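Text of the file model07.csv, holding CSV, C-alpha atoms:
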```
chain,number,residue,atom,x,y,z
A,1,MET,CA,-17.1,18.6,-205.9
A,2,THR,CA,-20.7,19.2,-204.9
A,3,ARG,CA,-19.9,18.0,-201.4
A,4,GLU,CA,-17.1,20.5,-201.0
A,5,LYS,CA,-19.5,23.2,-202.0
A,6,GLY,CA,-22.1,22.0,-199.6
A,7,LYS,CA,-19.6,22.1,-196.7
A,8,LYS,CA,-18.7,25.8,-197.4
A,9,GLN,CA,-22.3,26.8,-197.5
A,10,GLY,CA,-22.8,25.2,-194.1
A,11,LYS,CA,-25.1,22.4,-195.5
A,12,LYS,CA,-23.4,19.7,-193.5
A,13,PRO,CA,-26.4,18.8,-191.3
A,14,SER,CA,-28.3,17.8,-194.4
A,15,LEU,CA,-25.5,15.4,-195.3
A,16,TYR,CA,-25.8,13.7,-191.9
A,17,TRP,CA,-29.6,13.6,-192.4
A,18,GLN,CA,-29.1,12.0,-195.8
A,19,LEU,CA,-26.7,9.5,-194.5
A,20,PHE,CA,-29.0,8.6,-191.6
A,21,THR,CA,-32.2,8.3,-193.6
A,22,SER,CA,-30.5,6.3,-196.4
A,23,THR,CA,-28.9,3.8,-194.0
A,24,PHE,CA,-32.0,3.5,-191.9
A,25,ALA,CA,-34.2,2.8,-194.9
A,26,LEU,CA,-31.7,0.3,-196.3
A,27,SER,CA,-31.4,-1.5,-193.0
A,28,ALA,CA,-35.2,-1.5,-192.4
A,29,PHE,CA,-36.1,-3.0,-195.7
A,30,THR,CA,-33.3,-5.5,-196.3
A,31,PHE,CA,-34.1,-9.0,-195.3
A,32,GLY,CA,-31.7,-11.9,-195.3
A,33,GLY,CA,-28.3,-10.7,-194.4
A,34,GLY,CA,-25.3,-8.8,-195.6
A,35,TYR,CA,-24.9,-10.1,-199.1
A,36,VAL,CA,-28.3,-8.7,-200.0
A,37,ILE,CA,-27.7,-5.2,-198.6
A,38,ILE,CA,-24.4,-4.6,-200.4
A,39,PRO,CA,-25.8,-4.4,-204.0
A,40,LEU,CA,-28.6,-2.2,-202.6
A,41,MET,CA,-26.1,0.1,-200.9
A,42,LYS,CA,-24.1,0.3,-204.1
A,43,LYS,CA,-27.2,1.3,-206.0
A,44,LYS,CA,-28.2,4.0,-203.4
A,45,PHE,CA,-24.8,5.6,-202.7
A,46,CYS,CA,-23.0,5.1,-206.1
A,47,ASP,CA,-25.8,5.5,-208.6
A,48,GLU,CA,-28.5,7.6,-206.9
A,49,LEU,CA,-26.6,9.9,-204.5
A,50,CYS,CA,-23.3,9.7,-206.3
A,51,PHE,CA,-21.4,9.8,-203.0
A,52,LEU,CA,-18.6,7.6,-204.2
A,53,GLY,CA,-17.3,5.8,-207.3
A,54,GLU,CA,-17.8,2.1,-208.0
A,55,GLU,CA,-14.2,1.1,-207.5
A,56,GLU,CA,-14.0,2.9,-204.1
A,57,ALA,CA,-17.2,1.2,-203.1
A,58,LEU,CA,-15.7,-2.2,-203.9
A,59,ASP,CA,-12.6,-1.3,-201.7
A,60,LEU,CA,-14.9,-0.4,-198.8
A,61,VAL,CA,-16.7,-3.7,-199.1
A,62,ALA,CA,-13.4,-5.6,-199.2
A,63,ILE,CA,-12.3,-4.0,-195.9
A,64,ALA,CA,-15.7,-4.7,-194.4
A,65,GLN,CA,-15.5,-8.3,-195.4
A,66,ALA,CA,-12.0,-8.7,-194.0
A,67,SER,CA,-13.2,-7.4,-190.7
A,68,PRO,CA,-15.3,-9.4,-188.2
A,69,GLY,CA,-18.9,-8.5,-187.5
A,70,ALA,CA,-21.9,-7.8,-189.6
A,71,LEU,CA,-21.2,-6.8,-193.2
A,72,ALA,CA,-24.0,-4.3,-193.3
A,73,VAL,CA,-22.8,-2.5,-190.2
A,74,ASN,CA,-19.1,-2.5,-191.3
A,75,THR,CA,-19.9,-1.1,-194.8
A,76,ALA,CA,-22.1,1.6,-193.4
A,77,MET,CA,-19.4,2.5,-190.9
A,78,LEU,CA,-16.8,2.9,-193.6
A,79,LEU,CA,-19.1,4.8,-195.8
A,80,GLY,CA,-20.1,7.2,-193.0
A,81,TYR,CA,-16.5,7.8,-192.1
A,82,ARG,CA,-15.5,8.3,-195.8
A,83,MET,CA,-18.3,10.9,-196.2
A,84,ALA,CA,-18.2,12.8,-193.0
A,85,GLY,CA,-15.5,11.5,-190.6
A,86,LEU,CA,-16.3,10.1,-187.2
A,87,PRO,CA,-19.6,11.8,-186.7
A,88,GLY,CA,-20.6,10.4,-190.1
A,89,ALA,CA,-19.6,6.9,-189.0
A,90,PHE,CA,-21.7,7.3,-185.8
A,91,VAL,CA,-24.7,8.5,-187.8
A,92,THR,CA,-24.6,5.6,-190.3
A,93,ILE,CA,-24.0,3.0,-187.6
A,94,LEU,CA,-27.0,4.3,-185.7
A,95,GLY,CA,-29.1,4.3,-188.9
A,96,THR,CA,-28.2,0.7,-189.6
A,97,LEU,CA,-28.7,-0.5,-186.0
A,98,LEU,CA,-32.0,1.1,-185.1
A,99,PRO,CA,-34.3,-0.9,-187.4
A,100,PRO,CA,-33.3,-4.4,-186.3
A,101,MET,CA,-33.0,-3.2,-182.6
A,102,ILE,CA,-36.6,-1.8,-182.6
A,103,THR,CA,-38.0,-4.8,-184.5
A,104,LEU,CA,-36.4,-7.4,-182.2
A,105,SER,CA,-37.2,-5.5,-179.0
A,106,VAL,CA,-40.8,-5.5,-179.9
A,107,ILE,CA,-40.8,-9.1,-180.9
A,108,SER,CA,-38.9,-10.2,-177.7
A,109,LEU,CA,-41.5,-8.4,-175.6
A,110,PHE,CA,-44.3,-10.4,-177.2
A,111,TYR,CA,-42.3,-13.6,-177.7
A,112,ASP,CA,-43.7,-15.5,-174.7
A,113,ALA,CA,-47.3,-14.6,-175.6
A,114,PHE,CA,-46.4,-15.5,-179.2
A,115,ARG,CA,-44.9,-18.8,-178.3
A,116,THR,CA,-47.7,-20.1,-176.2
A,117,ASN,CA,-50.3,-19.3,-178.9
A,118,ARG,CA,-51.1,-22.7,-180.5
A,119,ILE,CA,-51.0,-21.5,-184.1
A,120,VAL,CA,-47.8,-19.4,-183.8
A,121,GLY,CA,-46.2,-22.2,-181.8
A,122,ALA,CA,-47.0,-24.8,-184.5
A,123,LEU,CA,-45.7,-22.3,-187.2
A,124,LEU,CA,-42.4,-21.7,-185.4
A,125,HIS,CA,-42.0,-25.4,-184.8
A,126,ALA,CA,-42.6,-26.3,-188.4
A,127,MET,CA,-40.3,-23.5,-189.6
A,128,ARG,CA,-37.4,-25.3,-187.9
A,129,ALA,CA,-37.2,-27.7,-190.8
A,130,GLY,CA,-37.1,-24.7,-193.2
A,131,VAL,CA,-34.3,-23.1,-191.1
A,132,ALA,CA,-32.3,-26.4,-191.1
A,133,ALA,CA,-32.8,-26.6,-194.9
A,134,VAL,CA,-31.6,-23.0,-195.4
A,135,ILE,CA,-28.5,-23.6,-193.3
A,136,ALA,CA,-27.8,-26.9,-195.1
A,137,ASP,CA,-28.1,-25.1,-198.4
A,138,VAL,CA,-25.6,-22.4,-197.3
A,139,VAL,CA,-23.2,-25.1,-196.0
A,140,TRP,CA,-23.5,-27.1,-199.2
A,141,THR,CA,-22.6,-24.1,-201.4
A,142,MET,CA,-19.7,-23.0,-199.2
A,143,ALA,CA,-18.3,-26.5,-198.8
A,144,GLN,CA,-18.4,-26.9,-202.6
A,145,ASN,CA,-16.4,-23.7,-203.0
A,146,ILE,CA,-13.8,-24.9,-200.4
A,147,LEU,CA,-13.4,-28.4,-201.9
A,148,GLY,CA,-13.4,-27.0,-205.4
A,149,GLN,CA,-10.1,-25.4,-204.7
A,150,LYS,CA,-8.6,-29.0,-204.7
A,151,ARG,CA,-6.2,-28.1,-201.9
A,152,ALA,CA,-5.6,-30.3,-198.9
A,153,LEU,CA,-5.2,-27.7,-196.1
A,154,PRO,CA,-8.7,-26.0,-196.4
A,155,ALA,CA,-10.4,-29.4,-196.6
A,156,LEU,CA,-8.5,-30.6,-193.5
A,157,ILE,CA,-9.3,-27.5,-191.6
A,158,MET,CA,-13.0,-28.0,-192.5
A,159,LEU,CA,-13.1,-31.6,-191.4
A,160,GLY,CA,-11.0,-31.0,-188.3
A,161,THR,CA,-13.2,-28.1,-187.2
A,162,PHE,CA,-16.4,-30.0,-187.6
A,163,ALA,CA,-15.1,-32.9,-185.5
A,164,ALA,CA,-13.7,-30.5,-182.9
A,165,VAL,CA,-16.9,-28.5,-182.5
A,166,TYR,CA,-19.5,-31.2,-183.0
A,167,PHE,CA,-18.0,-34.2,-181.3
A,168,PHE,CA,-15.5,-32.7,-178.9
A,169,ARG,CA,-17.3,-29.5,-178.1
A,170,ILE,CA,-14.1,-27.4,-178.3
A,171,SER,CA,-14.9,-23.7,-178.1
A,172,VAL,CA,-15.0,-21.9,-181.4
A,173,VAL,CA,-13.1,-19.1,-179.7
A,174,LEU,CA,-10.1,-21.4,-179.7
A,175,ILE,CA,-10.5,-22.9,-183.1
A,176,LEU,CA,-10.7,-19.7,-185.2
A,177,PRO,CA,-7.2,-18.3,-184.3
A,178,ILE,CA,-5.6,-21.7,-184.9
A,179,ALA,CA,-7.4,-21.9,-188.3
A,180,GLY,CA,-6.2,-18.4,-189.1
A,181,ILE,CA,-2.6,-19.1,-188.3
A,182,LEU,CA,-2.7,-22.4,-190.4
A,183,GLY,CA,-4.1,-20.4,-193.3
A,184,ALA,CA,-1.5,-17.7,-193.0
A,185,LEU,CA,1.3,-20.3,-192.9
A,186,GLY,CA,-0.2,-22.2,-195.8
A,187,ALA,CA,-0.3,-19.0,-197.9
A,188,LYS,CA,3.3,-18.3,-197.0
A,189,TRP,CA,4.4,-21.8,-197.9
A,190,ARG,CA,2.6,-21.6,-201.3
A,191,LEU,CA,4.2,-18.3,-202.0
A,192,LYS,CA,7.6,-19.9,-201.4
A,193,GLN,CA,6.8,-22.9,-203.6
A,194,GLU,CA,5.8,-20.5,-206.4
A,195,GLU,CA,9.1,-18.6,-206.1
A,196,GLN,CA,11.1,-21.8,-206.3
A,197,ALA,CA,9.2,-23.1,-209.3
B,1,MET,CA,-19.5,-10.9,-162.4
B,2,SER,CA,-22.6,-8.9,-163.1
B,3,ARG,CA,-24.9,-10.2,-165.8
B,4,LEU,CA,-24.7,-7.1,-167.9
B,5,LEU,CA,-20.9,-7.4,-168.0
B,6,GLN,CA,-21.2,-11.1,-169.0
B,7,LEU,CA,-23.7,-10.1,-171.7
B,8,PHE,CA,-21.3,-7.5,-173.0
B,9,LEU,CA,-18.3,-9.8,-173.0
B,10,SER,CA,-20.3,-12.6,-174.7
B,11,PHE,CA,-21.4,-10.5,-177.6
B,12,LEU,CA,-18.0,-8.9,-177.7
B,13,GLN,CA,-16.6,-12.4,-178.5
B,14,VAL,CA,-19.4,-12.9,-181.1
B,15,GLY,CA,-18.5,-9.6,-182.7
B,16,ALA,CA,-14.8,-10.3,-182.7
B,17,LEU,CA,-15.0,-13.7,-184.3
B,18,ALA,CA,-17.9,-13.5,-186.7
B,19,PHE,CA,-16.0,-13.4,-190.0
B,20,GLY,CA,-17.7,-13.9,-193.3
B,21,GLY,CA,-21.3,-13.0,-193.3
B,22,GLY,CA,-24.4,-13.5,-191.2
B,23,TYR,CA,-24.4,-17.3,-191.0
B,24,ALA,CA,-20.9,-17.3,-189.5
B,25,ALA,CA,-22.4,-15.6,-186.3
B,26,ILE,CA,-24.9,-18.4,-185.7
B,27,PRO,CA,-22.5,-21.0,-184.2
B,28,LEU,CA,-20.8,-18.3,-182.1
B,29,ILE,CA,-24.1,-17.0,-180.7
B,30,LYS,CA,-25.2,-20.6,-180.1
B,31,GLU,CA,-22.1,-21.4,-178.0
B,32,GLN,CA,-22.4,-18.2,-176.0
B,33,VAL,CA,-26.1,-18.2,-175.2
B,34,THR,CA,-26.9,-21.9,-174.9
B,35,GLN,CA,-23.7,-23.7,-173.9
B,36,LEU,CA,-21.5,-21.2,-172.0
B,37,HIS,CA,-24.4,-19.4,-170.4
B,38,PRO,CA,-27.9,-20.8,-169.6
B,39,TRP,CA,-29.6,-17.8,-171.3
B,40,LEU,CA,-31.7,-19.6,-174.0
B,41,THR,CA,-32.7,-23.2,-174.6
B,42,LEU,CA,-31.9,-24.8,-177.9
B,43,SER,CA,-35.5,-24.4,-178.9
B,44,GLU,CA,-35.6,-20.7,-178.0
B,45,PHE,CA,-32.3,-20.2,-179.9
B,46,THR,CA,-33.7,-21.9,-183.0
B,47,ASP,CA,-36.8,-19.6,-182.7
B,48,LEU,CA,-34.4,-16.7,-182.5
B,49,VAL,CA,-32.6,-17.8,-185.7
B,50,THR,CA,-36.0,-18.2,-187.4
B,51,ILE,CA,-37.1,-14.7,-186.3
B,52,ALA,CA,-33.8,-13.2,-187.2
B,53,GLU,CA,-34.0,-14.7,-190.7
B,54,MET,CA,-37.4,-13.1,-191.2
B,55,THR,CA,-36.7,-9.7,-189.9
B,56,PRO,CA,-34.4,-7.1,-191.4
B,57,GLY,CA,-30.9,-6.6,-190.1
B,58,PRO,CA,-27.8,-8.6,-189.3
B,59,ILE,CA,-28.3,-11.7,-187.3
B,60,ALA,CA,-25.7,-10.8,-184.7
B,61,ILE,CA,-27.5,-7.5,-184.0
B,62,ASN,CA,-30.9,-9.3,-183.9
B,63,ALA,CA,-29.6,-11.9,-181.5
B,64,ALA,CA,-27.9,-9.3,-179.3
B,65,THR,CA,-31.1,-7.3,-179.0
B,66,PHE,CA,-33.3,-10.4,-178.4
B,67,VAL,CA,-31.0,-11.9,-175.8
B,68,GLY,CA,-30.3,-8.6,-174.1
B,69,MET,CA,-34.0,-7.7,-173.9
B,70,HIS,CA,-34.8,-11.2,-172.6
B,71,LEU,CA,-32.2,-10.8,-169.7
B,72,ASN,CA,-32.1,-7.1,-168.9
B,73,GLY,CA,-34.7,-5.2,-170.9
B,74,ILE,CA,-33.7,-2.2,-173.1
B,75,VAL,CA,-30.4,-1.7,-171.2
B,76,GLY,CA,-29.4,-5.3,-171.8
B,77,ALA,CA,-30.3,-4.9,-175.5
B,78,VAL,CA,-28.1,-1.8,-175.9
B,79,VAL,CA,-25.2,-3.3,-173.9
B,80,ALA,CA,-25.2,-6.5,-175.9
B,81,THR,CA,-25.5,-4.7,-179.3
B,82,LEU,CA,-22.6,-2.4,-178.3
B,83,GLY,CA,-20.5,-5.5,-177.5
B,84,ALA,CA,-21.4,-7.0,-180.9
B,85,ILE,CA,-20.3,-4.0,-182.9
B,86,LEU,CA,-17.3,-2.7,-180.9
B,87,PRO,CA,-14.7,-5.2,-182.3
B,88,ALA,CA,-15.8,-4.4,-185.8
B,89,CYS,CA,-15.4,-0.6,-185.2
B,90,LEU,CA,-11.8,-1.2,-184.1
B,91,VAL,CA,-10.8,-3.7,-186.8
B,92,VAL,CA,-12.4,-1.7,-189.6
B,93,SER,CA,-10.6,1.5,-188.5
B,94,ILE,CA,-7.2,-0.3,-188.3
B,95,LEU,CA,-7.7,-2.2,-191.6
B,96,GLY,CA,-9.0,1.0,-193.3
B,97,TYR,CA,-5.9,2.8,-192.2
B,98,PHE,CA,-3.5,0.2,-193.5
B,99,TYR,CA,-5.5,-0.3,-196.6
B,100,ASN,CA,-5.3,3.3,-197.5
B,101,LYS,CA,-1.6,3.3,-196.7
B,102,TYR,CA,-0.5,0.1,-198.5
B,103,LYS,CA,-3.4,-0.9,-200.6
B,104,ASN,CA,-2.4,-4.5,-200.0
B,105,LEU,CA,-3.9,-6.9,-197.6
B,106,ALA,CA,-2.1,-10.1,-198.7
B,107,TRP,CA,-1.5,-11.3,-195.1
B,108,VAL,CA,-5.1,-10.7,-194.2
B,109,ASP,CA,-6.1,-12.9,-197.2
B,110,GLY,CA,-3.9,-15.7,-195.8
B,111,VAL,CA,-5.6,-15.5,-192.4
B,112,LEU,CA,-9.0,-15.4,-194.0
B,113,SER,CA,-8.2,-18.4,-196.2
B,114,GLY,CA,-7.8,-20.3,-193.0
B,115,PHE,CA,-10.9,-18.9,-191.4
B,116,ARG,CA,-13.2,-19.8,-194.3
B,117,PRO,CA,-13.2,-23.6,-194.1
B,118,ALA,CA,-13.4,-23.5,-190.3
B,119,ILE,CA,-16.4,-21.2,-190.5
B,120,VAL,CA,-18.2,-23.5,-192.9
B,121,ALA,CA,-17.6,-26.4,-190.5
B,122,MET,CA,-18.8,-24.3,-187.6
B,123,ILE,CA,-22.0,-23.4,-189.4
B,124,ALA,CA,-22.5,-27.1,-190.4
B,125,ALA,CA,-22.2,-28.1,-186.7
B,126,ALA,CA,-24.7,-25.5,-185.5
B,127,GLY,CA,-27.0,-26.4,-188.5
B,128,PHE,CA,-26.8,-30.1,-187.5
B,129,SER,CA,-28.0,-29.3,-184.0
B,130,ILE,CA,-30.9,-27.4,-185.4
B,131,PHE,CA,-31.7,-30.2,-187.8
B,132,ARG,CA,-31.7,-32.7,-185.0
B,133,LEU,CA,-34.0,-30.5,-183.0
B,134,ALA,CA,-36.4,-30.2,-186.0
B,135,MET,CA,-36.4,-33.9,-186.6
B,136,PHE,CA,-36.5,-35.3,-183.0
B,137,ASP,CA,-37.5,-32.2,-180.9
B,138,THR,CA,-35.7,-32.8,-177.5
B,139,LYS,CA,-36.5,-36.5,-177.5
B,140,ALA,CA,-34.1,-39.5,-178.0
B,141,TYR,CA,-32.9,-40.0,-181.5
B,142,THR,CA,-34.9,-43.1,-182.4
B,143,LEU,CA,-37.0,-43.9,-185.4
B,144,GLN,CA,-40.3,-43.7,-183.4
B,145,ASN,CA,-39.5,-40.2,-182.3
B,146,LEU,CA,-38.7,-39.0,-185.9
B,147,ASP,CA,-41.0,-36.2,-187.0
B,148,VAL,CA,-42.0,-37.4,-190.4
B,149,ILE,CA,-43.7,-34.1,-191.4
B,150,SER,CA,-40.5,-32.2,-190.6
B,151,LEU,CA,-38.4,-34.6,-192.5
B,152,VAL,CA,-40.6,-34.2,-195.6
B,153,CYS,CA,-40.5,-30.4,-195.2
B,154,PHE,CA,-36.7,-30.4,-194.8
B,155,ILE,CA,-36.2,-32.5,-198.0
B,156,GLY,CA,-38.7,-30.5,-200.0
B,157,ALA,CA,-37.2,-27.2,-198.8
B,158,LEU,CA,-33.6,-28.2,-199.5
B,159,PHE,CA,-34.6,-29.5,-203.0
B,160,ALA,CA,-36.4,-26.2,-203.8
B,161,LEU,CA,-33.4,-24.1,-202.5
B,162,ARG,CA,-30.9,-26.1,-204.6
B,163,LYS,CA,-33.1,-26.0,-207.7
B,164,TRP,CA,-34.8,-22.6,-207.9
B,165,ARG,CA,-32.8,-20.5,-205.4
B,166,PRO,CA,-35.8,-18.8,-203.9
B,167,SER,CA,-35.3,-16.4,-201.0
B,168,PRO,CA,-34.9,-18.1,-197.6
B,169,ILE,CA,-37.9,-16.2,-196.1
B,170,LYS,CA,-40.2,-17.7,-198.7
B,171,VAL,CA,-38.9,-21.2,-198.1
B,172,MET,CA,-39.3,-20.8,-194.3
B,173,LEU,CA,-42.8,-19.4,-194.5
B,174,THR,CA,-43.9,-22.1,-196.9
B,175,THR,CA,-42.5,-24.9,-194.7
B,176,GLY,CA,-44.0,-23.2,-191.7
B,177,VAL,CA,-47.5,-23.0,-193.1
B,178,LEU,CA,-47.5,-26.4,-194.7
B,179,GLY,CA,-45.8,-28.1,-191.8
B,180,ALA,CA,-48.1,-26.5,-189.2
B,181,ALA,CA,-51.2,-27.3,-191.2
B,182,ALA,CA,-50.2,-30.9,-191.6
B,183,GLY,CA,-49.3,-31.1,-187.9
B,184,LEU,CA,-52.6,-29.7,-186.8
B,185,LEU,CA,-54.6,-31.9,-189.2
B,186,MET,CA,-52.9,-35.0,-187.9
B,187,GLU,CA,-53.6,-34.0,-184.3
B,188,MET,CA,-57.3,-33.5,-185.2
B,189,ALA,CA,-57.5,-36.9,-187.0
B,190,ARG,CA,-56.2,-38.6,-183.9
```
For this file, produce the structure as structure tokens.
Amino acid sequence: MTREKGKKQGKKPSLYWQLFTSTFALSAFTFGGGYVIIPLMKKKFCDELCFLGEEEALDLVAIAQASPGALAVNTAMLLGYRMAGLPGAFVTILGTLLPPMITLSVISLFYDAFRTNRIVGALLHAMRAGVAAVIADVVWTMAQNILGQKRALPALIMLGTFAAVYFFRISVVLILPIAGILGALGAKWRLKQEEQA
Amino acid sequence: MSRLLQLFLSFLQVGALAFGGGYAAIPLIKEQVTQLHPWLTLSEFTDLVTIAEMTPGPIAINAATFVGMHLNGIVGAVVATLGAILPACLVVSILGYFYNKYKNLAWVDGVLSGFRPAIVAMIAAAGFSIFRLAMFDTKAYTLQNLDVISLVCFIGALFALRKWRPSPIKVMLTTGVLGAAAGLLMEMAR
């Protein structure tokens, strides 16, 4: 309602500005990936700005998750489009992209100087063990979820993919489509079984 | 083929196939920038993952900017980032359209149920490469070359992550400071 009113009074630029500043701030202060930014976005856009309802927000996240690419960018894109059409999507994408692009550009300019510094070098070197632990933790949790389904197909896809990527160096570009087709066939087969039962 | 075009196409593939959150992009980026193209060494790539984890923003965007800047400056960064987000723009629009029309994504669910286990395995494989680099650097995998400090840091960090679920940044910073201090002290003692 309030948005319709704003449109008529020619206040649309302020909507763009709001979309830009909100997504920029969210992107700039969110560390640690997509799953952290989603609850924050929900708080900002549903509870503070009242741009959309909770159920609709969940729908947007579902679409963003089913698409490839970064969750934060996808969600921002859908939100911008929902609020202000294509220009809105452009503004929210820009707001989400700028903070990491600026940060990483600056870091990459100083990376060589950074890396050759003895202390920074030792820090980065020692942090590798931490990165390995973080990834191991993520894999542990995800694998538990997959195996917890107690179904043969996902477990086989998981083992097969690891062998294909790690030992046979088969390109992941080839593996994903095959895994997707297997998953779709498996889902179809299960549906048939349920109908027969 | 010009390098800018290669950069664009590489990150286009990363953007098109990174399903399921930030970590899923790691194996894809690793393949593109260390195996298919000689853009980064495994050490540089691991540094990139470390930096990306500690700075805001999606890992694919961070990687695109970093690699793009490394190869072609700002233009490279913009081109790589565009490549990384273009597939998502297309797929999100298409899915959004169908979703509003049918409110039913059952077949998408089927495909994703096949992707998920494959993605876990891909992340595991990339993680294993990083683990080996942390434990043995680029040397042969023998007991003499094993970096004991790194191994202790890894076990401690994994234990803390499983038990108290702290934020990854805290874990990495702690292992970094403790590991670097231990390493420098050992060097001085020698």
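Closest to Trp39 of chain B among B:Ser10, B:Asn62, B:Asn100, B:Asn145 is B:Ser10, based on all atoms listed in the file.
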Excluding Ser108 of chain A and any residue of its chain fewer than 5 positions from it, enumerate the residues within 7 Å of it, using all atoms listed in the file, and give them as a list in words.
->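 Close residues of Ser108 of chain A: Phe66, Met69 and His70 of chain B.
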Across B:Leu4, B:Ile155, B:Ser93, B:Ala180, the smallest distance to Val75 of chain B, with only C-alpha atoms counted, is shown by B:Leu4
Would you list the contacts of segment 128-135 of chain B as an NGL selection string, taking every protein, DNA or RNA residue within 7 Å and counting all atoms listed in the file, but skipping same-chain residues closer than 5 positions in sequence?
-> (:A and (128-129 or 132)) or (:B and (46 or 146-147 or 150-151))
Shell of 8 Å around Met101 of chain A, all atoms listed in the file, local chain residues under 6 positions omitted, as an mmCIF file with C-alpha atoms, in the coordinates of the input:
```
data_model
loop_
_atom_site.group_PDB
_atom_site.id
_atom_site.type_symbol
_atom_site.label_atom_id
_atom_site.label_comp_id
_atom_site.auth_asym_id
_atom_site.auth_seq_id
_atom_site.Cartn_x
_atom_site.Cartn_y
_atom_site.Cartn_z
ATOM 1 C CA ILE B 61 -27.500 -7.500 -184.000
ATOM 2 C CA ASN B 62 -30.900 -9.300 -183.900
ATOM 3 C CA THR B 65 -31.100 -7.300 -179.000
ATOM 4 C CA ALA B 77 -30.300 -4.900 -175.500
#
```
What separation in Å, quoted to one decimal, exists between atom CA of Val120 of chain A and atom CA of Gln32 of chain B?
->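 Atom CA of Gln32 of chain B lies at a distance of 26.6 Å from atom CA of Val120 of chain A.
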Using all atoms listed in the file, which of the listed residues (B:Ala126, B:Ile29, B:Ala182, B:Val49) sits closest to Gly130 of chain A?
-> B:Val49
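Across the model, the gap from atom CA of Ile119 of chain A to atom CA of Leu184 of chain B is 8.8 Å.
Restricting the calculation to all atoms listed in the file, the smallest distance between chain B and any of A:Thr96, A:Ile102, A:Thr21, A:Met127 is found for A:Met127.
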